[in-house]
file entry_11.txt (compact mmCIF, N, CA and C atoms)
# COMPACT_ATOMS: atom_id res chain seq x y z
N MET A 1303 48.03 -8.40 34.44
CA MET A 1303 48.90 -7.50 35.16
C MET A 1303 48.36 -7.37 36.57
N THR A 1304 49.25 -7.44 37.51
CA THR A 1304 48.88 -7.23 38.90
C THR A 1304 49.96 -6.40 39.57
N SER A 1305 49.57 -5.65 40.57
CA SER A 1305 50.49 -4.70 41.19
C SER A 1305 51.62 -5.40 41.94
N ARG A 1306 52.61 -4.61 42.34
CA ARG A 1306 53.74 -5.13 43.12
C ARG A 1306 53.45 -5.11 44.61
N SER A 1307 52.24 -4.80 45.00
CA SER A 1307 51.87 -4.72 46.41
C SER A 1307 51.70 -6.12 47.00
N PHE A 1308 51.45 -6.16 48.32
CA PHE A 1308 51.17 -7.43 48.99
C PHE A 1308 49.94 -8.08 48.38
N ASP A 1309 48.88 -7.30 48.16
CA ASP A 1309 47.67 -7.83 47.53
C ASP A 1309 47.98 -8.37 46.14
N GLY A 1310 48.83 -7.65 45.40
CA GLY A 1310 49.22 -8.08 44.06
C GLY A 1310 49.95 -9.41 44.08
N GLU A 1311 50.77 -9.62 45.10
CA GLU A 1311 51.49 -10.90 45.24
C GLU A 1311 50.49 -12.03 45.45
N TYR A 1312 49.51 -11.80 46.29
CA TYR A 1312 48.47 -12.80 46.54
C TYR A 1312 47.72 -13.12 45.24
N ILE A 1313 47.36 -12.10 44.49
CA ILE A 1313 46.65 -12.29 43.22
C ILE A 1313 47.53 -13.04 42.23
N ALA A 1314 48.80 -12.65 42.14
CA ALA A 1314 49.73 -13.30 41.21
C ALA A 1314 49.85 -14.79 41.52
N ARG A 1315 50.01 -15.14 42.78
CA ARG A 1315 50.12 -16.56 43.16
C ARG A 1315 48.84 -17.31 42.84
N PHE A 1316 47.71 -16.67 43.08
CA PHE A 1316 46.42 -17.29 42.80
C PHE A 1316 46.27 -17.61 41.32
N ILE A 1317 46.53 -16.63 40.45
CA ILE A 1317 46.35 -16.88 39.02
C ILE A 1317 47.42 -17.82 38.47
N GLN A 1318 48.61 -17.83 39.07
CA GLN A 1318 49.64 -18.75 38.62
C GLN A 1318 49.27 -20.20 38.92
N ARG A 1319 48.50 -20.42 39.97
CA ARG A 1319 48.04 -21.78 40.29
C ARG A 1319 47.09 -22.30 39.21
N PHE A 1320 46.49 -21.41 38.46
CA PHE A 1320 45.63 -21.81 37.35
C PHE A 1320 46.39 -21.85 36.02
N GLY A 1321 47.72 -21.70 36.09
CA GLY A 1321 48.54 -21.83 34.90
C GLY A 1321 48.77 -20.55 34.12
N TYR A 1322 48.39 -19.42 34.68
CA TYR A 1322 48.59 -18.14 34.02
C TYR A 1322 49.81 -17.43 34.57
N GLY A 1323 50.40 -16.57 33.79
CA GLY A 1323 51.52 -15.75 34.23
C GLY A 1323 51.03 -14.44 34.80
N ALA A 1324 51.94 -13.71 35.40
CA ALA A 1324 51.58 -12.42 35.96
C ALA A 1324 52.70 -11.42 35.70
N ALA A 1325 52.40 -10.38 34.96
CA ALA A 1325 53.31 -9.25 34.78
C ALA A 1325 53.07 -8.34 35.98
N ARG A 1326 54.12 -8.00 36.72
CA ARG A 1326 53.96 -7.26 37.96
C ARG A 1326 54.25 -5.78 37.75
N GLY A 1327 53.28 -4.95 38.06
CA GLY A 1327 53.45 -3.52 37.96
C GLY A 1327 52.10 -2.84 37.92
N SER A 1328 52.09 -1.53 38.01
CA SER A 1328 50.86 -0.75 37.96
C SER A 1328 51.22 0.65 37.48
N SER A 1329 50.22 1.48 37.33
CA SER A 1329 50.48 2.83 36.85
C SER A 1329 51.31 3.64 37.83
N THR A 1330 51.37 3.21 39.10
CA THR A 1330 52.14 3.96 40.09
C THR A 1330 53.50 3.34 40.40
N ARG A 1331 53.67 2.04 40.12
CA ARG A 1331 54.95 1.37 40.41
C ARG A 1331 55.21 0.30 39.35
N GLY A 1332 56.28 0.46 38.61
CA GLY A 1332 56.71 -0.58 37.67
C GLY A 1332 55.89 -0.69 36.40
N ALA A 1333 55.24 0.39 36.01
CA ALA A 1333 54.37 0.35 34.84
C ALA A 1333 55.12 -0.02 33.57
N THR A 1334 56.26 0.59 33.34
CA THR A 1334 57.01 0.35 32.11
C THR A 1334 57.43 -1.11 32.00
N GLY A 1335 57.97 -1.66 33.09
CA GLY A 1335 58.41 -3.06 33.08
C GLY A 1335 57.25 -4.01 32.85
N ALA A 1336 56.11 -3.73 33.45
CA ALA A 1336 54.94 -4.59 33.28
C ALA A 1336 54.42 -4.54 31.85
N ILE A 1337 54.37 -3.35 31.27
CA ILE A 1337 53.92 -3.23 29.87
C ILE A 1337 54.89 -3.94 28.94
N VAL A 1338 56.19 -3.79 29.16
CA VAL A 1338 57.18 -4.49 28.34
C VAL A 1338 56.98 -6.00 28.43
N GLU A 1339 56.74 -6.49 29.65
CA GLU A 1339 56.49 -7.93 29.83
C GLU A 1339 55.22 -8.37 29.11
N MET A 1340 54.18 -7.55 29.17
CA MET A 1340 52.93 -7.89 28.48
C MET A 1340 53.13 -7.88 26.97
N ILE A 1341 53.90 -6.95 26.45
CA ILE A 1341 54.20 -6.93 25.02
C ILE A 1341 54.92 -8.20 24.62
N ARG A 1342 55.92 -8.60 25.44
CA ARG A 1342 56.66 -9.83 25.16
C ARG A 1342 55.72 -11.04 25.15
N LEU A 1343 54.83 -11.12 26.14
CA LEU A 1343 53.90 -12.23 26.22
C LEU A 1343 52.94 -12.26 25.03
N MET A 1344 52.44 -11.09 24.65
CA MET A 1344 51.51 -11.03 23.52
C MET A 1344 52.19 -11.43 22.22
N ARG A 1345 53.42 -11.01 22.04
CA ARG A 1345 54.15 -11.40 20.83
C ARG A 1345 54.43 -12.89 20.79
N ALA A 1346 54.46 -13.52 21.99
CA ALA A 1346 54.65 -14.97 22.08
C ALA A 1346 53.32 -15.72 21.94
N GLY A 1347 52.24 -14.97 21.73
CA GLY A 1347 50.94 -15.59 21.51
C GLY A 1347 50.08 -15.78 22.75
N CYS A 1348 50.50 -15.20 23.85
CA CYS A 1348 49.74 -15.33 25.10
C CYS A 1348 48.70 -14.21 25.21
N PRO A 1349 47.49 -14.54 25.62
CA PRO A 1349 46.53 -13.47 25.89
C PRO A 1349 46.92 -12.74 27.16
N THR A 1350 46.60 -11.48 27.25
CA THR A 1350 46.89 -10.69 28.45
C THR A 1350 45.63 -9.94 28.88
N ALA A 1351 45.59 -9.57 30.15
CA ALA A 1351 44.43 -8.86 30.66
C ALA A 1351 44.83 -8.03 31.87
N PHE A 1352 44.10 -6.96 32.08
CA PHE A 1352 44.24 -6.17 33.30
C PHE A 1352 43.01 -5.30 33.46
N THR A 1353 42.79 -4.85 34.69
CA THR A 1353 41.68 -3.93 34.93
C THR A 1353 42.09 -2.56 34.41
N ILE A 1354 41.14 -1.81 33.95
CA ILE A 1354 41.45 -0.55 33.26
C ILE A 1354 41.51 0.65 34.19
N ASP A 1355 41.09 0.49 35.45
CA ASP A 1355 41.00 1.68 36.30
C ASP A 1355 42.19 1.88 37.21
N GLY A 1356 43.24 1.12 37.04
CA GLY A 1356 44.47 1.37 37.78
C GLY A 1356 44.36 1.07 39.26
N PRO A 1357 45.45 1.23 39.99
CA PRO A 1357 45.46 0.85 41.41
C PRO A 1357 44.81 1.87 42.34
N LYS A 1358 44.53 3.06 41.85
CA LYS A 1358 43.98 4.08 42.74
C LYS A 1358 42.69 4.72 42.21
N GLY A 1359 42.22 4.24 41.08
CA GLY A 1359 40.97 4.76 40.56
C GLY A 1359 41.14 6.05 39.79
N PRO A 1360 40.08 6.78 39.60
CA PRO A 1360 38.76 6.50 40.13
C PRO A 1360 38.17 5.21 39.54
N ARG A 1361 37.25 4.65 40.29
CA ARG A 1361 36.60 3.40 39.94
C ARG A 1361 35.95 3.51 38.56
N TYR A 1362 36.18 2.49 37.75
CA TYR A 1362 35.58 2.35 36.42
C TYR A 1362 36.03 3.41 35.40
N VAL A 1363 37.09 4.11 35.66
CA VAL A 1363 37.59 5.09 34.70
C VAL A 1363 38.83 4.53 34.01
N ALA A 1364 38.73 4.38 32.69
CA ALA A 1364 39.81 3.77 31.90
C ALA A 1364 41.05 4.65 31.88
N LYS A 1365 42.18 4.02 32.07
CA LYS A 1365 43.47 4.69 31.93
C LYS A 1365 44.01 4.36 30.54
N MET A 1366 45.17 4.87 30.20
CA MET A 1366 45.73 4.75 28.86
C MET A 1366 46.45 3.41 28.60
N GLY A 1367 46.71 2.61 29.63
CA GLY A 1367 47.51 1.39 29.48
C GLY A 1367 47.06 0.44 28.38
N ALA A 1368 45.78 0.11 28.34
CA ALA A 1368 45.28 -0.83 27.33
C ALA A 1368 45.43 -0.25 25.92
N VAL A 1369 45.22 1.05 25.79
CA VAL A 1369 45.33 1.70 24.47
C VAL A 1369 46.78 1.68 23.99
N LEU A 1370 47.70 1.99 24.88
CA LEU A 1370 49.12 1.98 24.50
C LEU A 1370 49.60 0.57 24.17
N LEU A 1371 49.13 -0.42 24.90
CA LEU A 1371 49.48 -1.81 24.62
C LEU A 1371 48.95 -2.24 23.26
N ALA A 1372 47.74 -1.85 22.94
CA ALA A 1372 47.15 -2.18 21.64
C ALA A 1372 47.92 -1.51 20.50
N ARG A 1373 48.32 -0.25 20.71
CA ARG A 1373 49.09 0.45 19.68
C ARG A 1373 50.44 -0.25 19.45
N LYS A 1374 51.09 -0.64 20.52
CA LYS A 1374 52.43 -1.23 20.42
C LYS A 1374 52.41 -2.64 19.82
N THR A 1375 51.38 -3.42 20.11
CA THR A 1375 51.35 -4.82 19.67
C THR A 1375 50.55 -5.05 18.39
N GLY A 1376 49.64 -4.15 18.07
CA GLY A 1376 48.76 -4.38 16.93
C GLY A 1376 47.56 -5.25 17.28
N ASN A 1377 47.52 -5.74 18.50
CA ASN A 1377 46.36 -6.53 18.95
C ASN A 1377 45.25 -5.60 19.40
N PRO A 1378 44.00 -5.99 19.19
CA PRO A 1378 42.89 -5.13 19.61
C PRO A 1378 42.65 -5.22 21.12
N ILE A 1379 41.94 -4.24 21.62
CA ILE A 1379 41.41 -4.27 22.98
C ILE A 1379 40.06 -4.97 22.89
N LEU A 1380 39.82 -5.92 23.78
CA LEU A 1380 38.54 -6.61 23.80
C LEU A 1380 37.86 -6.32 25.14
N PRO A 1381 37.03 -5.27 25.17
CA PRO A 1381 36.38 -4.90 26.43
C PRO A 1381 35.37 -5.97 26.86
N PHE A 1382 35.38 -6.31 28.14
CA PHE A 1382 34.38 -7.25 28.64
C PHE A 1382 34.10 -6.98 30.11
N THR A 1383 32.95 -7.44 30.56
CA THR A 1383 32.57 -7.37 31.97
C THR A 1383 31.98 -8.70 32.38
N ILE A 1384 32.08 -8.97 33.66
CA ILE A 1384 31.46 -10.15 34.26
C ILE A 1384 30.64 -9.64 35.44
N THR A 1385 29.35 -9.92 35.42
CA THR A 1385 28.46 -9.46 36.48
C THR A 1385 27.84 -10.68 37.15
N ALA A 1386 28.03 -10.81 38.45
CA ALA A 1386 27.44 -11.92 39.20
C ALA A 1386 26.11 -11.49 39.81
N ASN A 1387 25.19 -12.46 39.93
CA ASN A 1387 23.89 -12.12 40.52
C ASN A 1387 23.95 -12.08 42.05
N ARG A 1388 24.94 -12.78 42.64
CA ARG A 1388 25.10 -12.75 44.09
C ARG A 1388 26.59 -12.66 44.38
N PHE A 1389 26.97 -11.72 45.25
CA PHE A 1389 28.40 -11.52 45.51
C PHE A 1389 28.60 -10.84 46.85
N TRP A 1390 29.81 -11.00 47.36
CA TRP A 1390 30.26 -10.22 48.51
C TRP A 1390 30.98 -8.99 47.95
N GLU A 1391 30.87 -7.88 48.65
CA GLU A 1391 31.50 -6.64 48.18
C GLU A 1391 32.37 -6.05 49.28
N ALA A 1392 33.59 -5.66 48.90
CA ALA A 1392 34.50 -4.98 49.83
C ALA A 1392 34.12 -3.51 49.85
N LYS A 1393 33.19 -3.17 50.70
CA LYS A 1393 32.63 -1.81 50.72
C LYS A 1393 33.62 -0.73 51.14
N LYS A 1394 34.68 -1.10 51.88
CA LYS A 1394 35.66 -0.11 52.33
C LYS A 1394 36.81 0.05 51.34
N SER A 1395 36.84 -0.75 50.29
CA SER A 1395 37.88 -0.67 49.28
C SER A 1395 37.52 0.40 48.26
N TRP A 1396 38.51 1.10 47.71
CA TRP A 1396 38.24 2.18 46.75
C TRP A 1396 37.48 1.66 45.52
N ASP A 1397 37.74 0.39 45.13
CA ASP A 1397 37.09 -0.12 43.92
C ASP A 1397 35.88 -1.00 44.22
N ARG A 1398 35.59 -1.22 45.51
CA ARG A 1398 34.45 -2.03 45.94
C ARG A 1398 34.47 -3.40 45.26
N THR A 1399 35.62 -4.07 45.34
CA THR A 1399 35.82 -5.38 44.73
C THR A 1399 34.67 -6.32 45.08
N GLN A 1400 34.24 -7.08 44.09
CA GLN A 1400 33.16 -8.04 44.27
C GLN A 1400 33.70 -9.46 44.07
N VAL A 1401 33.28 -10.37 44.94
CA VAL A 1401 33.64 -11.77 44.84
C VAL A 1401 32.35 -12.56 44.75
N PRO A 1402 32.15 -13.32 43.65
CA PRO A 1402 30.90 -14.09 43.53
C PRO A 1402 30.73 -15.09 44.67
N LYS A 1403 29.49 -15.23 45.14
CA LYS A 1403 29.18 -16.21 46.17
C LYS A 1403 29.07 -17.59 45.52
N PRO A 1404 29.23 -18.65 46.32
CA PRO A 1404 29.07 -20.00 45.76
C PRO A 1404 27.71 -20.16 45.06
N LEU A 1405 27.73 -20.84 43.94
CA LEU A 1405 26.54 -21.12 43.11
C LEU A 1405 25.93 -19.88 42.47
N ALA A 1406 26.64 -18.76 42.50
CA ALA A 1406 26.14 -17.55 41.84
C ALA A 1406 26.16 -17.76 40.33
N ARG A 1407 25.31 -17.05 39.66
CA ARG A 1407 25.31 -17.03 38.20
C ARG A 1407 26.03 -15.78 37.75
N ALA A 1408 26.75 -15.90 36.65
CA ALA A 1408 27.49 -14.75 36.14
C ALA A 1408 27.10 -14.49 34.70
N HIS A 1409 27.03 -13.24 34.36
CA HIS A 1409 26.68 -12.80 33.01
C HIS A 1409 27.94 -12.15 32.42
N VAL A 1410 28.43 -12.71 31.32
CA VAL A 1410 29.63 -12.19 30.66
C VAL A 1410 29.19 -11.43 29.41
N LEU A 1411 29.64 -10.21 29.29
CA LEU A 1411 29.35 -9.39 28.12
C LEU A 1411 30.66 -8.97 27.48
N ILE A 1412 30.74 -9.11 26.17
CA ILE A 1412 31.94 -8.77 25.41
C ILE A 1412 31.56 -7.79 24.32
N ALA A 1413 32.29 -6.71 24.22
CA ALA A 1413 32.04 -5.68 23.21
C ALA A 1413 32.89 -5.96 21.97
N PRO A 1414 32.58 -5.31 20.86
CA PRO A 1414 33.43 -5.45 19.68
C PRO A 1414 34.85 -4.97 19.97
N PRO A 1415 35.84 -5.57 19.30
CA PRO A 1415 37.23 -5.17 19.54
C PRO A 1415 37.49 -3.72 19.14
N ILE A 1416 38.45 -3.11 19.81
CA ILE A 1416 38.87 -1.75 19.51
C ILE A 1416 40.31 -1.83 19.01
N TYR A 1417 40.53 -1.40 17.78
CA TYR A 1417 41.86 -1.43 17.17
C TYR A 1417 42.51 -0.06 17.29
N VAL A 1418 43.81 -0.07 17.57
CA VAL A 1418 44.57 1.18 17.70
C VAL A 1418 45.74 1.10 16.72
N PRO A 1419 45.78 1.99 15.72
CA PRO A 1419 46.88 1.94 14.75
C PRO A 1419 48.23 2.24 15.39
N ALA A 1420 49.28 1.64 14.85
CA ALA A 1420 50.64 1.83 15.37
C ALA A 1420 51.10 3.28 15.29
N ASP A 1421 50.55 4.04 14.35
CA ASP A 1421 50.97 5.43 14.18
C ASP A 1421 49.99 6.42 14.83
N ALA A 1422 49.17 5.94 15.76
CA ALA A 1422 48.17 6.80 16.40
C ALA A 1422 48.85 7.95 17.16
N ASP A 1423 48.36 9.16 16.93
CA ASP A 1423 48.88 10.32 17.66
C ASP A 1423 48.11 10.48 18.97
N GLU A 1424 48.48 11.49 19.75
CA GLU A 1424 47.88 11.68 21.06
C GLU A 1424 46.36 11.86 20.99
N ALA A 1425 45.89 12.61 20.00
CA ALA A 1425 44.45 12.84 19.86
C ALA A 1425 43.71 11.53 19.60
N LEU A 1426 44.27 10.69 18.71
CA LEU A 1426 43.62 9.41 18.41
C LEU A 1426 43.69 8.48 19.62
N LEU A 1427 44.81 8.50 20.36
CA LEU A 1427 44.92 7.68 21.56
C LEU A 1427 43.85 8.07 22.58
N ASN A 1428 43.65 9.35 22.77
CA ASN A 1428 42.60 9.82 23.69
C ASN A 1428 41.22 9.42 23.20
N PHE A 1429 41.00 9.49 21.89
CA PHE A 1429 39.72 9.08 21.31
C PHE A 1429 39.48 7.59 21.58
N LYS A 1430 40.52 6.76 21.40
CA LYS A 1430 40.39 5.32 21.61
C LYS A 1430 40.15 5.00 23.09
N ARG A 1431 40.80 5.75 24.00
CA ARG A 1431 40.53 5.57 25.42
C ARG A 1431 39.08 5.91 25.73
N ASP A 1432 38.57 6.98 25.13
CA ASP A 1432 37.16 7.35 25.33
C ASP A 1432 36.24 6.29 24.74
N GLU A 1433 36.61 5.72 23.60
CA GLU A 1433 35.83 4.64 22.99
C GLU A 1433 35.78 3.43 23.93
N LEU A 1434 36.92 3.10 24.52
CA LEU A 1434 36.99 2.01 25.49
C LEU A 1434 36.10 2.32 26.69
N GLN A 1435 36.19 3.53 27.21
CA GLN A 1435 35.38 3.94 28.36
C GLN A 1435 33.89 3.81 28.05
N ASN A 1436 33.47 4.32 26.89
CA ASN A 1436 32.06 4.26 26.52
C ASN A 1436 31.59 2.82 26.37
N SER A 1437 32.43 1.98 25.78
CA SER A 1437 32.10 0.58 25.60
C SER A 1437 31.91 -0.12 26.95
N LEU A 1438 32.84 0.11 27.87
CA LEU A 1438 32.75 -0.52 29.19
C LEU A 1438 31.56 0.02 29.99
N ASP A 1439 31.28 1.30 29.88
CA ASP A 1439 30.12 1.88 30.56
C ASP A 1439 28.84 1.20 30.10
N GLU A 1440 28.74 0.98 28.79
CA GLU A 1440 27.54 0.32 28.23
C GLU A 1440 27.46 -1.13 28.69
N LEU A 1441 28.57 -1.84 28.70
CA LEU A 1441 28.57 -3.23 29.17
C LEU A 1441 28.17 -3.30 30.64
N ASN A 1442 28.71 -2.40 31.46
CA ASN A 1442 28.34 -2.38 32.88
C ASN A 1442 26.86 -2.08 33.07
N ARG A 1443 26.36 -1.14 32.29
CA ARG A 1443 24.92 -0.81 32.38
C ARG A 1443 24.08 -2.03 32.05
N ARG A 1444 24.41 -2.71 30.96
CA ARG A 1444 23.65 -3.91 30.56
C ARG A 1444 23.79 -5.03 31.57
N GLY A 1445 24.99 -5.23 32.12
CA GLY A 1445 25.19 -6.27 33.12
C GLY A 1445 24.42 -6.01 34.39
N ASN A 1446 24.40 -4.75 34.82
CA ASN A 1446 23.66 -4.39 36.03
C ASN A 1446 22.16 -4.51 35.82
N GLU A 1447 21.67 -4.20 34.63
CA GLU A 1447 20.25 -4.38 34.31
C GLU A 1447 19.86 -5.84 34.39
N LYS A 1448 20.74 -6.72 33.95
CA LYS A 1448 20.47 -8.16 33.93
C LYS A 1448 20.08 -8.66 35.31
N TYR A 1449 20.79 -8.19 36.34
CA TYR A 1449 20.56 -8.69 37.69
C TYR A 1449 19.95 -7.65 38.63
N SER A 1450 19.42 -6.56 38.11
CA SER A 1450 18.88 -5.51 39.00
C SER A 1450 17.63 -6.00 39.74
N HIS A 1451 16.95 -6.99 39.22
CA HIS A 1451 15.73 -7.50 39.87
C HIS A 1451 16.03 -8.57 40.92
N VAL A 1452 17.29 -9.00 41.01
CA VAL A 1452 17.63 -10.11 41.94
C VAL A 1452 17.83 -9.56 43.34

call {"tool": "encode", "arguments": {"input": "entry_11.txt", "output": "structure tokens"}}
result
Amino acid sequence: MTSRSFDGEYIARFIQRFGYGAARGSSTRGATGAIVEMIRLMRAGCPTAFTIDGPKGPRYVAKMGAVLLARKTGNPILPFTITANRFWEAKKSWDRTQVPKPLARAHVLIAPPIYVPADADEALLNFKRDELQNSLDELNRRGNEKYSHV
């Protein structure tokens, strides 16, 4: 999923050149249409992905999108992080986007899947979002430890 903004268009074209599709929308614009498109893609057997902190942050704070998608499709959430040992950082951006430098090494960490039942109520959905948040926080901590000495 990528936003409908100018930056989102650039990202969509970039990932499409690698043979991937792009559902366009975000929590602030076109969220319903993007989630419907992701549900359609998942039911067709395509993997889907998006960042969990939305287009406006706060940084690294999980929103409900992944949990709702998991509930609707029956597919689990698979939390993961990628940490590069050398990168450029957009320090003026709200999310401080990082781009790995050439020849950088990257550490990929994947947590156990998080399943969300189709009949999950609001309390369980919030619990699952918190579970996702805790999982990602732990992965980020471990990834940052890996390269803290570099």

call {"tool": "residues_around", "arguments": {"input": "entry_11.txt", "residues": "region 1420-1427 of chain A", "least_positions_apart": "4", "cutoff": "6.5 Å", "atoms": "only N, CA and C atoms", "output": "list in words"}}
result
Arg1373, Lys1374, Gly1376, Arg1431 and Asp1432 of chain A

call {"tool": "residues_near_point", "arguments": {"input": "entry_11.txt", "point": "(38.1, -4.4, 38.4)", "cutoff": "8 Å", "atoms": "all atoms listed in the file", "output": "MDAnalysis selection string"}}
result
chainID A and resid 1352:1356 1362 1397:1400

call {"tool": "closest_residue", "arguments": {"input": "entry_11.txt", "among": "A:Arg1345, A:Lys1430, A:Lys1403, A:Lys1393", "to": "Thr1375 (chain A)", "atoms": "all atoms listed in the file"}}
result
A:Arg1345

call {"tool": "closest_residue", "arguments": {"input": "entry_11.txt", "among": "A:Ile1317, A:Leu1380, A:Asn1442, A:Leu1371", "to": "Glu1339 (chain A)", "atoms": "only C-alpha atoms"}}
result
A:Leu1371

call {"tool": "atom_distance", "arguments": {"input": "entry_11.txt", "atom1": "atom C of Leu1441 (chain A)", "atom2": "atom C of Gly1347 (chain A)"}}
result
26.4 Å

call {"tool": "atom_distance", "arguments": {"input": "entry_11.txt", "atom1": "CA of Ser1437 (chain A)", "atom2": "CA of Thr1383 (chain A)"}}
result
10.2 Å
